[in-house]
$ cat final-v9.pdb   # PDB, C-alpha atoms and all ligand atoms
ATOM      1  CA  MET A 557      39.926 -16.105  25.349
ATOM      2  CA  LYS A 558      37.970 -17.358  22.394
ATOM      3  CA  LYS A 559      38.771 -15.748  19.037
ATOM      4  CA  ARG A 560      35.959 -13.420  18.017
ATOM      5  CA  GLY A 561      33.949 -14.529  14.994
ATOM      6  CA  LEU A 562      33.899 -12.753  11.665
ATOM      7  CA  LEU A 563      31.195 -10.316  10.610
ATOM      8  CA  ILE A 564      30.365 -11.214   7.022
ATOM      9  CA  ILE A 565      28.201  -8.791   5.066
ATOM     10  CA  MET A 566      26.645 -10.192   1.922
ATOM     11  CA  SER A 567      24.711  -7.934  -0.431
ATOM     12  CA  GLY A 568      23.447  -7.935  -3.953
ATOM     13  CA  PRO A 569      20.302  -7.051  -5.881
ATOM     14  CA  SER A 570      17.191  -9.016  -4.958
ATOM     15  CA  GLY A 571      16.794 -11.988  -7.282
ATOM     16  CA  VAL A 572      20.552 -12.427  -7.604
ATOM     17  CA  GLY A 573      20.489 -15.653  -5.568
ATOM     18  CA  LYS A 574      21.920 -14.408  -2.255
ATOM     19  CA  GLY A 575      19.436 -16.450  -0.252
ATOM     20  CA  THR A 576      20.342 -19.674  -2.070
ATOM     21  CA  ILE A 577      24.063 -18.993  -1.727
ATOM     22  CA  ARG A 578      23.576 -18.381   1.990
ATOM     23  CA  GLU A 579      21.611 -21.614   2.451
ATOM     24  CA  GLU A 580      24.352 -23.577   0.696
ATOM     25  CA  LEU A 581      27.052 -21.935   2.824
ATOM     26  CA  MET A 582      25.162 -22.648   6.038
ATOM     27  CA  LYS A 583      25.319 -26.377   5.242
ATOM     28  CA  LYS A 584      29.115 -26.311   5.350
ATOM     29  CA  ASP A 585      30.211 -27.084   8.888
ATOM     30  CA  ASP A 586      33.765 -25.839   8.427
ATOM     31  CA  LEU A 587      32.518 -22.241   8.102
ATOM     32  CA  ASN A 588      30.847 -22.068  11.539
ATOM     33  CA  LEU A 589      28.351 -19.711   9.960
ATOM     34  CA  HIS A 590      25.371 -18.226  11.779
ATOM     35  CA  TYR A 591      22.738 -16.109  10.124
ATOM     36  CA  SER A 592      21.672 -12.848  11.701
ATOM     37  CA  VAL A 593      17.875 -12.738  11.416
ATOM     38  CA  SER A 594      16.768  -9.201  10.577
ATOM     39  CA  MET A 595      13.689  -7.306  11.606
ATOM     40  CA  THR A 596      11.335  -6.101   8.879
ATOM     41  CA  THR A 597       8.039  -4.319   8.385
ATOM     42  CA  ARG A 598       7.295  -6.090   5.097
ATOM     43  CA  GLY A 599       4.560  -8.709   4.907
ATOM     44  CA  MET A 600       5.388 -12.395   5.191
ATOM     45  CA  ARG A 601       5.782 -14.290   1.905
ATOM     46  CA  PRO A 602       4.285 -17.763   1.556
ATOM     47  CA  GLY A 603       6.571 -20.285   3.230
ATOM     48  CA  GLU A 604       8.309 -17.754   5.461
ATOM     49  CA  VAL A 605       8.367 -18.264   9.215
ATOM     50  CA  ASN A 606       8.526 -15.523  11.837
ATOM     51  CA  GLY A 607      11.958 -15.675  13.511
ATOM     52  CA  ARG A 608      13.518 -17.725  10.713
ATOM     53  CA  GLU A 609      13.639 -15.518   7.584
ATOM     54  CA  TYR A 610      12.838 -12.352   9.542
ATOM     55  CA  TYR A 611      11.246 -11.042  12.683
ATOM     56  CA  PHE A 612       8.096  -9.568  11.166
ATOM     57  CA  VAL A 613       7.097  -6.485  13.130
ATOM     58  CA  SER A 614       4.791  -3.475  12.852
ATOM     59  CA  ARG A 615       6.133  -0.093  11.848
ATOM     60  CA  GLU A 616       5.621   1.077  15.455
ATOM     61  CA  GLU A 617       7.672  -1.762  16.875
ATOM     62  CA  PHE A 618      10.405  -1.195  14.308
ATOM     63  CA  ASP A 619      10.600   2.482  15.133
ATOM     64  CA  ARG A 620      10.763   1.705  18.854
ATOM     65  CA  ASN A 621      13.829  -0.431  18.128
ATOM     66  CA  ILE A 622      15.441   2.464  16.258
ATOM     67  CA  ALA A 623      14.678   4.836  19.144
ATOM     68  CA  ASN A 624      16.169   2.404  21.680
ATOM     69  CA  ASP A 625      19.298   2.031  19.552
ATOM     70  CA  ASN A 626      18.751  -1.711  19.250
ATOM     71  CA  LEU A 627      19.717  -1.839  15.586
ATOM     72  CA  LEU A 628      23.275  -2.029  14.263
ATOM     73  CA  GLU A 629      21.955  -0.594  10.998
ATOM     74  CA  TRP A 630      18.636  -0.178   9.248
ATOM     75  CA  ALA A 631      17.336   0.937   5.866
ATOM     76  CA  GLU A 632      14.182   1.509   3.877
ATOM     77  CA  PHE A 633      13.839  -0.792   0.869
ATOM     78  CA  VAL A 634      10.955  -0.473  -1.628
ATOM     79  CA  GLY A 635       8.602   0.944   1.011
ATOM     80  CA  ASN A 636       9.562  -1.292   3.936
ATOM     81  CA  ARG A 637      12.082  -1.078   6.750
ATOM     82  CA  TYR A 638      14.745  -3.692   7.457
ATOM     83  CA  GLY A 639      17.286  -3.720  10.283
ATOM     84  CA  THR A 640      19.917  -5.823  12.062
ATOM     85  CA  PRO A 641      19.451  -6.463  15.818
ATOM     86  CA  ARG A 642      22.727  -5.301  17.367
ATOM     87  CA  ASP A 643      22.992  -7.428  20.531
ATOM     88  CA  LYS A 644      22.590 -10.785  18.839
ATOM     89  CA  VAL A 645      25.389 -10.045  16.377
ATOM     90  CA  GLU A 646      27.732  -9.024  19.189
ATOM     91  CA  GLN A 647      26.832 -12.032  21.305
ATOM     92  CA  MET A 648      27.412 -14.518  18.475
ATOM     93  CA  ARG A 649      30.743 -12.968  17.502
ATOM     94  CA  ASN A 650      31.876 -13.042  21.126
ATOM     95  CA  GLU A 651      31.025 -16.746  21.210
ATOM     96  CA  GLY A 652      33.417 -17.235  18.283
ATOM     97  CA  LYS A 653      30.679 -17.708  15.681
ATOM     98  CA  ASN A 654      30.994 -16.249  12.199
ATOM     99  CA  VAL A 655      27.940 -14.083  11.648
ATOM    100  CA  MET A 656      26.408 -13.457   8.255
ATOM    101  CA  LEU A 657      24.340 -10.365   7.501
ATOM    102  CA  GLU A 658      22.359 -10.380   4.287
ATOM    103  CA  ILE A 659      21.606  -6.688   3.899
ATOM    104  CA  GLU A 660      21.272  -4.012   1.220
ATOM    105  CA  VAL A 661      23.822  -1.352   0.273
ATOM    106  CA  ASN A 662      22.834   1.498   2.612
ATOM    107  CA  GLY A 663      22.919  -0.794   5.623
ATOM    108  CA  THR A 664      26.357  -1.991   4.552
ATOM    109  CA  ALA A 665      27.646   1.584   4.450
ATOM    110  CA  GLN A 666      26.418   2.063   8.056
ATOM    111  CA  VAL A 667      28.091  -1.116   9.294
ATOM    112  CA  LEU A 668      31.367  -0.298   7.533
ATOM    113  CA  LYS A 669      31.311   3.142   9.144
ATOM    114  CA  LYS A 670      30.598   1.789  12.637
ATOM    115  CA  VAL A 671      32.511  -1.477  12.895
ATOM    116  CA  HIS A 672      36.233  -1.188  12.411
ATOM    117  CA  ASP A 673      37.767  -4.452  13.524
ATOM    118  CA  ASP A 674      39.623  -6.558  10.984
ATOM    119  CA  GLY A 675      37.045  -9.349  11.240
ATOM    120  CA  VAL A 676      34.649  -7.498   8.924
ATOM    121  CA  LEU A 677      34.256  -9.019   5.493
ATOM    122  CA  SER A 678      32.051  -7.539   2.761
ATOM    123  CA  ILE A 679      30.936  -9.435  -0.330
ATOM    124  CA  PHE A 680      28.745  -8.204  -3.196
ATOM    125  CA  ILE A 681      26.951 -10.862  -5.238
ATOM    126  CA  ALA A 682      26.464  -9.590  -8.793
ATOM    127  CA  PRO A 683      24.170 -10.972 -11.504
ATOM    128  CA  PRO A 684      25.709 -11.920 -14.870
ATOM    129  CA  SER A 685      23.499  -9.139 -16.351
ATOM    130  CA  LEU A 686      20.471  -6.999 -15.456
ATOM    131  CA  GLU A 687      18.318  -8.797 -18.069
ATOM    132  CA  GLU A 688      19.086 -12.090 -16.391
ATOM    133  CA  LEU A 689      18.154 -10.594 -13.032
ATOM    134  CA  GLU A 690      14.770  -9.352 -14.306
ATOM    135  CA  ASN A 691      14.017 -12.825 -15.670
ATOM    136  CA  ARG A 692      14.850 -14.402 -12.323
ATOM    137  CA  LEU A 693      12.641 -11.966 -10.400
ATOM    138  CA  ARG A 694       9.752 -12.680 -12.765
ATOM    139  CA  GLY A 695      10.335 -16.421 -12.526
ATOM    140  CA  ARG A 696      10.099 -16.283  -8.741
ATOM    141  CA  GLY A 697       6.450 -15.298  -9.151
ATOM    142  CA  THR A 698       6.063 -13.872  -5.651
ATOM    143  CA  GLU A 699       5.783 -10.196  -6.586
ATOM    144  CA  THR A 700       3.496  -7.971  -8.644
ATOM    145  CA  GLU A 701       4.751  -6.408 -11.885
ATOM    146  CA  GLU A 702       4.986  -3.030 -10.157
ATOM    147  CA  VAL A 703       7.177  -4.417  -7.387
ATOM    148  CA  ILE A 704       9.351  -6.268  -9.932
ATOM    149  CA  LYS A 705       9.886  -3.018 -11.837
ATOM    150  CA  SER A 706      10.893  -1.136  -8.701
ATOM    151  CA  ARG A 707      13.214  -3.974  -7.650
ATOM    152  CA  VAL A 708      14.932  -3.909 -11.056
ATOM    153  CA  ALA A 709      15.362  -0.134 -10.768
ATOM    154  CA  LYS A 710      16.703  -0.652  -7.261
ATOM    155  CA  ALA A 711      19.111  -3.324  -8.542
ATOM    156  CA  THR A 712      20.526  -0.910 -11.103
ATOM    157  CA  HIS A 713      21.030   1.611  -8.315
ATOM    158  CA  GLU A 714      22.613  -0.947  -5.961
ATOM    159  CA  PHE A 715      25.057  -2.019  -8.616
ATOM    160  CA  GLY A 716      26.631   1.429  -8.333
ATOM    161  CA  PHE A 717      27.587   0.648  -4.726
ATOM    162  CA  LYS A 718      29.534  -2.504  -5.388
ATOM    163  CA  ASP A 719      32.879  -0.753  -4.939
ATOM    164  CA  GLN A 720      32.322  -0.363  -1.191
ATOM    165  CA  TYR A 721      32.653  -4.157  -0.901
ATOM    166  CA  LYS A 722      35.944  -5.929  -0.466
ATOM    167  CA  PHE A 723      34.895  -8.788  -2.785
ATOM    168  CA  VAL A 724      32.568  -9.028  -5.800
ATOM    169  CA  VAL A 725      31.365 -12.496  -6.785
ATOM    170  CA  VAL A 726      29.383 -12.992 -10.020
ATOM    171  CA  ASN A 727      26.624 -15.565  -9.649
ATOM    172  CA  ASP A 728      26.559 -17.099 -13.116
ATOM    173  CA  LYS A 729      26.749 -20.635 -11.770
ATOM    174  CA  LEU A 730      25.518 -21.360  -8.257
ATOM    175  CA  ASP A 731      28.148 -23.966  -7.329
ATOM    176  CA  LYS A 732      30.965 -21.743  -8.497
ATOM    177  CA  ALA A 733      29.646 -18.702  -6.623
ATOM    178  CA  VAL A 734      29.185 -20.735  -3.420
ATOM    179  CA  ASP A 735      32.734 -22.063  -3.708
ATOM    180  CA  GLU A 736      34.152 -18.592  -4.237
ATOM    181  CA  VAL A 737      32.386 -17.155  -1.200
ATOM    182  CA  ARG A 738      33.365 -20.193   0.865
ATOM    183  CA  GLN A 739      37.017 -19.695  -0.055
ATOM    184  CA  ILE A 740      36.850 -15.996   0.836
ATOM    185  CA  ILE A 741      35.495 -16.903   4.287
ATOM    186  CA  LEU A 742      38.029 -19.703   4.835
ATOM    187  CA  ASN A 743      40.887 -17.350   3.949
ATOM    188  CA  ALA A 744      39.578 -14.745   6.387
ATOM    189  CA  MET A 745      39.313 -17.400   9.111
ATOM    190  CA  LYS A 746      42.970 -18.170   8.560
ATOM    191  CA  GLY A 747      43.671 -14.460   8.870
ATOM    192  CA  GLU A 748      44.714 -13.976   5.254
TER     193      GLU A 748
HETATM  194  P1  LIG B 801      13.470  -9.100   0.789
HETATM  195  O1  LIG B 801      12.225  -8.271   0.946
HETATM  196  O2  LIG B 801      13.641  -9.572  -0.628
HETATM  197  O3  LIG B 801      13.542 -10.214   1.784
HETATM  198  O4  LIG B 801      14.717  -8.159   1.106
HETATM  199  C1  LIG B 801      14.865  -6.950   0.439
HETATM  200  C2  LIG B 801      16.262  -6.419   0.643
HETATM  201  O5  LIG B 801      16.468  -6.055   2.010
HETATM  202  C3  LIG B 801      17.371  -7.422   0.305
HETATM  203  O6  LIG B 801      18.359  -6.750  -0.453
HETATM  204  C4  LIG B 801      17.901  -7.819   1.659
HETATM  205  O7  LIG B 801      19.268  -8.187   1.598
HETATM  206  C5  LIG B 801      17.729  -6.534   2.433
HETATM  207  N1  LIG B 801      17.728  -6.722   3.885
HETATM  208  C6  LIG B 801      17.278  -7.777   4.602
HETATM  209  N2  LIG B 801      17.482  -7.592   5.906
HETATM  210  C7  LIG B 801      18.100  -6.399   6.034
HETATM  211  C8  LIG B 801      18.600  -5.647   7.157
HETATM  212  O8  LIG B 801      18.530  -6.051   8.302
HETATM  213  N3  LIG B 801      19.160  -4.459   6.873
HETATM  214  C9  LIG B 801      19.275  -3.959   5.620
HETATM  215  N4  LIG B 801      19.885  -2.781   5.468
HETATM  216  N5  LIG B 801      18.835  -4.642   4.545
HETATM  217  C10 LIG B 801      18.248  -5.833   4.754
END
$ encode --input "final-v9.pdb" --output "structure tokens" --more "lines below"
Ligand code: 5GP
Amino acid sequence: MKKRGLLIIMSGPSGVGKGTIREELMKKDDLNLHYSVSMTTRGMRPGEVNGREYYFVSREEFDRNIANDNLLEWAEFVGNRYGTPRDKVEQMRNEGKNVMLEIEVNGTAQVLKKVHDDGVLSIFIAPPSLEELENRLRGRGTETEEVIKSRVAKATHEFGFKDQYKFVVVNDKLDKAVDEVRQIILNAMKGE
């Protein structure tokens, strides 16, 4: 039987560079990494594609998925709902693929409570400082000032949850952070 793939949870405040780290990791063939596309009720940002960054759904459709127990976890984040489709994650792991979830802290707590095999890996990406994070969010230019403020407040809150993660990686330099996460995954693949 094929060895089941890892379930890799990656979290961190928005603006910390999780998305970029993930994209870099996905390019590395030795990691056999597959991204779990979440479902969300938030609006599409410019450049996003339905089914690639997220499945963009209405609130009604999202809530139907909760009611049908289709989500491994879900959470509300700054007024929108986000959740992980359960079946796809299971299917990919059974095929031996390493699955990456990029989710916030409440969702992580749910997964850690529900999934108890030793293939679960949790990594928190931390910013060098909160000031740096605010600058990055502003520089991204995709959100209003009000949303930026609530995301910074949320980041401060999320930081308090970093101890539930097995690994904390500080993203002060992208290459270094990518390498660190890559090494964590490679070690887990070797069963260390
Ligand atoms: P964004 O709106 O910036 O794409 O995502 C906002 C936050 O929601 C990020 O912290 C992201 O990691 C998180 N997120 C994305 N998908 C999911 C999901 O399926 N479940 C949970 N709990 N959080 C998610």
$ atom_distance --input "final-v9.pdb" --atom1 "atom O1 of ligand LIG 801 (chain B)" --atom2 "CA of Ile679 in chain A"
18.8 Å
$ residues_near_ligand --input "final-v9.pdb" --ligand "ligand LIG 801 (chain B)" --cutoff "9 Å" --atoms "only C-alpha atoms and all ligand atoms" --output "ChimeraX atom specification"
/A:566-571,574-575,592-596,598-599,601,609-610,627-634,636-641,657-666,707,711
$ closest_residue --input "final-v9.pdb" --among "A:Leu587, A:Met582, A:Val645, A:Val572" --to "Leu686 in chain A" --atoms "only C-alpha atoms"
A:Val572
$ closest_atom_pairs --input "final-v9.pdb" --of "range 586-623 of chain A" --to "range 723-739 of chain A" --cutoff "12 Å" --atoms "only C-alpha atoms" --output "Markdown table"
| residue | atom | partner | partner_atom | distance |
| --- | --- | --- | --- | --- |
| A:Asp586 | CA | A:Arg738 | CA | 9.4 |
| A:Leu587 | CA | A:Arg738 | CA | 7.6 |
| A:Asn588 | CA | A:Arg738 | CA | 11.1 |
| A:Leu589 | CA | A:Arg738 | CA | 10.4 |
$ resolve_selection --input "final-v9.pdb" --expression "the PyMOL selection byres (((chain A and resi 705) around 12) and not hetatm)" --output "list in words"
Ser570, Val634, Leu686, Glu687, Leu689, Glu690, Asn691, Leu693, Arg694, Glu699, Thr700, Glu701, Glu702, Val703, Ile704, Ser706, Arg707, Val708, Ala709, Lys710, Ala711 and Thr712 of chain A
$ build_atoms --input "final-v9.pdb" --residues "range 598-609 of chain A" --atoms "all heavy atoms" --output "JSON list (two decimals), keeping the file's coordinate frame"
[["chain", "number", "residue", "atom", "x", "y", "z"],
["A", 598, "ARG", "N", 8.02, -5.58, 6.27],
["A", 598, "ARG", "CA", 7.30, -6.09, 5.10],
["A", 598, "ARG", "C", 6.45, -7.30, 5.47],
["A", 598, "ARG", "O", 6.69, -7.96, 6.47],
["A", 598, "ARG", "CB", 8.26, -6.38, 3.94],
["A", 598, "ARG", "CG", 8.81, -7.77, 3.82],
["A", 598, "ARG", "CD", 9.09, -8.17, 2.38],
["A", 598, "ARG", "NE", 10.12, -9.18, 2.25],
["A", 598, "ARG", "CZ", 9.99, -10.46, 2.63],
["A", 598, "ARG", "NH1", 8.89, -10.87, 3.22],
["A", 598, "ARG", "NH2", 10.99, -11.31, 2.44],
["A", 599, "GLY", "N", 5.44, -7.58, 4.65],
["A", 599, "GLY", "CA", 4.56, -8.71, 4.91],
["A", 599, "GLY", "C", 5.29, -10.03, 4.68],
["A", 599, "GLY", "O", 6.26, -10.08, 3.94],
["A", 600, "MET", "N", 4.80, -11.07, 5.33],
["A", 600, "MET", "CA", 5.39, -12.40, 5.19],
["A", 600, "MET", "C", 5.06, -12.97, 3.82],
["A", 600, "MET", "O", 3.92, -12.87, 3.37],
["A", 600, "MET", "CB", 4.75, -13.29, 6.26],
["A", 600, "MET", "CG", 5.73, -14.05, 7.08],
["A", 600, "MET", "SD", 4.85, -15.21, 8.13],
["A", 600, "MET", "CE", 4.92, -14.38, 9.69],
["A", 601, "ARG", "N", 6.06, -13.58, 3.16],
["A", 601, "ARG", "CA", 5.78, -14.29, 1.90],
["A", 601, "ARG", "C", 5.38, -15.73, 2.24],
["A", 601, "ARG", "O", 5.76, -16.24, 3.29],
["A", 601, "ARG", "CB", 7.04, -14.33, 1.03],
["A", 601, "ARG", "CG", 7.42, -12.99, 0.45],
["A", 601, "ARG", "CD", 8.63, -13.16, -0.48],
["A", 601, "ARG", "NE", 9.16, -11.88, -0.88],
["A", 601, "ARG", "CZ", 10.47, -11.58, -0.98],
["A", 601, "ARG", "NH1", 11.37, -12.50, -0.68],
["A", 601, "ARG", "NH2", 10.86, -10.40, -1.36],
["A", 602, "PRO", "N", 4.66, -16.37, 1.31],
["A", 602, "PRO", "CA", 4.28, -17.76, 1.56],
["A", 602, "PRO", "C", 5.53, -18.59, 1.87],
["A", 602, "PRO", "O", 6.55, -18.45, 1.19],
["A", 602, "PRO", "CB", 3.67, -18.23, 0.23],
["A", 602, "PRO", "CG", 3.27, -16.98, -0.48],
["A", 602, "PRO", "CD", 4.17, -15.89, -0.01],
["A", 603, "GLY", "N", 5.45, -19.41, 2.89],
["A", 603, "GLY", "CA", 6.57, -20.28, 3.23],
["A", 603, "GLY", "C", 7.52, -19.68, 4.25],
["A", 603, "GLY", "O", 8.35, -20.38, 4.81],
["A", 604, "GLU", "N", 7.41, -18.38, 4.48],
["A", 604, "GLU", "CA", 8.31, -17.75, 5.46],
["A", 604, "GLU", "C", 7.79, -17.98, 6.89],
["A", 604, "GLU", "O", 6.58, -18.13, 7.10],
["A", 604, "GLU", "CB", 8.44, -16.25, 5.18],
["A", 604, "GLU", "CG", 9.28, -15.99, 3.94],
["A", 604, "GLU", "CD", 9.53, -14.51, 3.67],
["A", 604, "GLU", "OE1", 8.68, -13.67, 4.04],
["A", 604, "GLU", "OE2", 10.56, -14.18, 3.06],
["A", 605, "VAL", "N", 8.73, -18.01, 7.82],
["A", 605, "VAL", "CA", 8.37, -18.26, 9.22],
["A", 605, "VAL", "C", 8.92, -17.13, 10.08],
["A", 605, "VAL", "O", 10.08, -16.73, 9.91],
["A", 605, "VAL", "CB", 8.98, -19.61, 9.70],
["A", 605, "VAL", "CG1", 8.76, -19.83, 11.19],
["A", 605, "VAL", "CG2", 8.43, -20.78, 8.89],
["A", 606, "ASN", "N", 8.07, -16.60, 10.95],
["A", 606, "ASN", "CA", 8.53, -15.52, 11.84],
["A", 606, "ASN", "C", 9.68, -16.01, 12.72],
["A", 606, "ASN", "O", 9.58, -17.06, 13.34],
["A", 606, "ASN", "CB", 7.36, -15.05, 12.70],
["A", 606, "ASN", "CG", 7.69, -13.78, 13.46],
["A", 606, "ASN", "OD1", 8.57, -13.01, 13.04],
["A", 606, "ASN", "ND2", 7.02, -13.56, 14.58],
["A", 607, "GLY", "N", 10.80, -15.27, 12.71],
["A", 607, "GLY", "CA", 11.96, -15.68, 13.51],
["A", 607, "GLY", "C", 12.96, -16.51, 12.72],
["A", 607, "GLY", "O", 14.06, -16.76, 13.19],
["A", 608, "ARG", "N", 12.58, -16.96, 11.54],
["A", 608, "ARG", "CA", 13.52, -17.73, 10.71],
["A", 608, "ARG", "C", 14.05, -16.84, 9.57],
["A", 608, "ARG", "O", 15.22, -16.50, 9.55],
["A", 608, "ARG", "CB", 12.85, -18.98, 10.15],
["A", 608, "ARG", "CG", 13.86, -19.90, 9.44],
["A", 608, "ARG", "CD", 13.22, -21.17, 8.93],
["A", 608, "ARG", "NE", 12.30, -20.88, 7.81],
["A", 608, "ARG", "CZ", 11.48, -21.79, 7.27],
["A", 608, "ARG", "NH1", 11.42, -23.00, 7.75],
["A", 608, "ARG", "NH2", 10.69, -21.45, 6.26],
["A", 609, "GLU", "N", 13.19, -16.44, 8.64],
["A", 609, "GLU", "CA", 13.64, -15.52, 7.58],
["A", 609, "GLU", "C", 13.82, -14.11, 8.16],
["A", 609, "GLU", "O", 14.79, -13.43, 7.86],
["A", 609, "GLU", "CB", 12.64, -15.47, 6.42],
["A", 609, "GLU", "CG", 12.77, -16.63, 5.45],
["A", 609, "GLU", "CD", 12.11, -17.91, 5.99],
["A", 609, "GLU", "OE1", 11.38, -17.80, 7.00],
["A", 609, "GLU", "OE2", 12.33, -18.98, 5.41]]
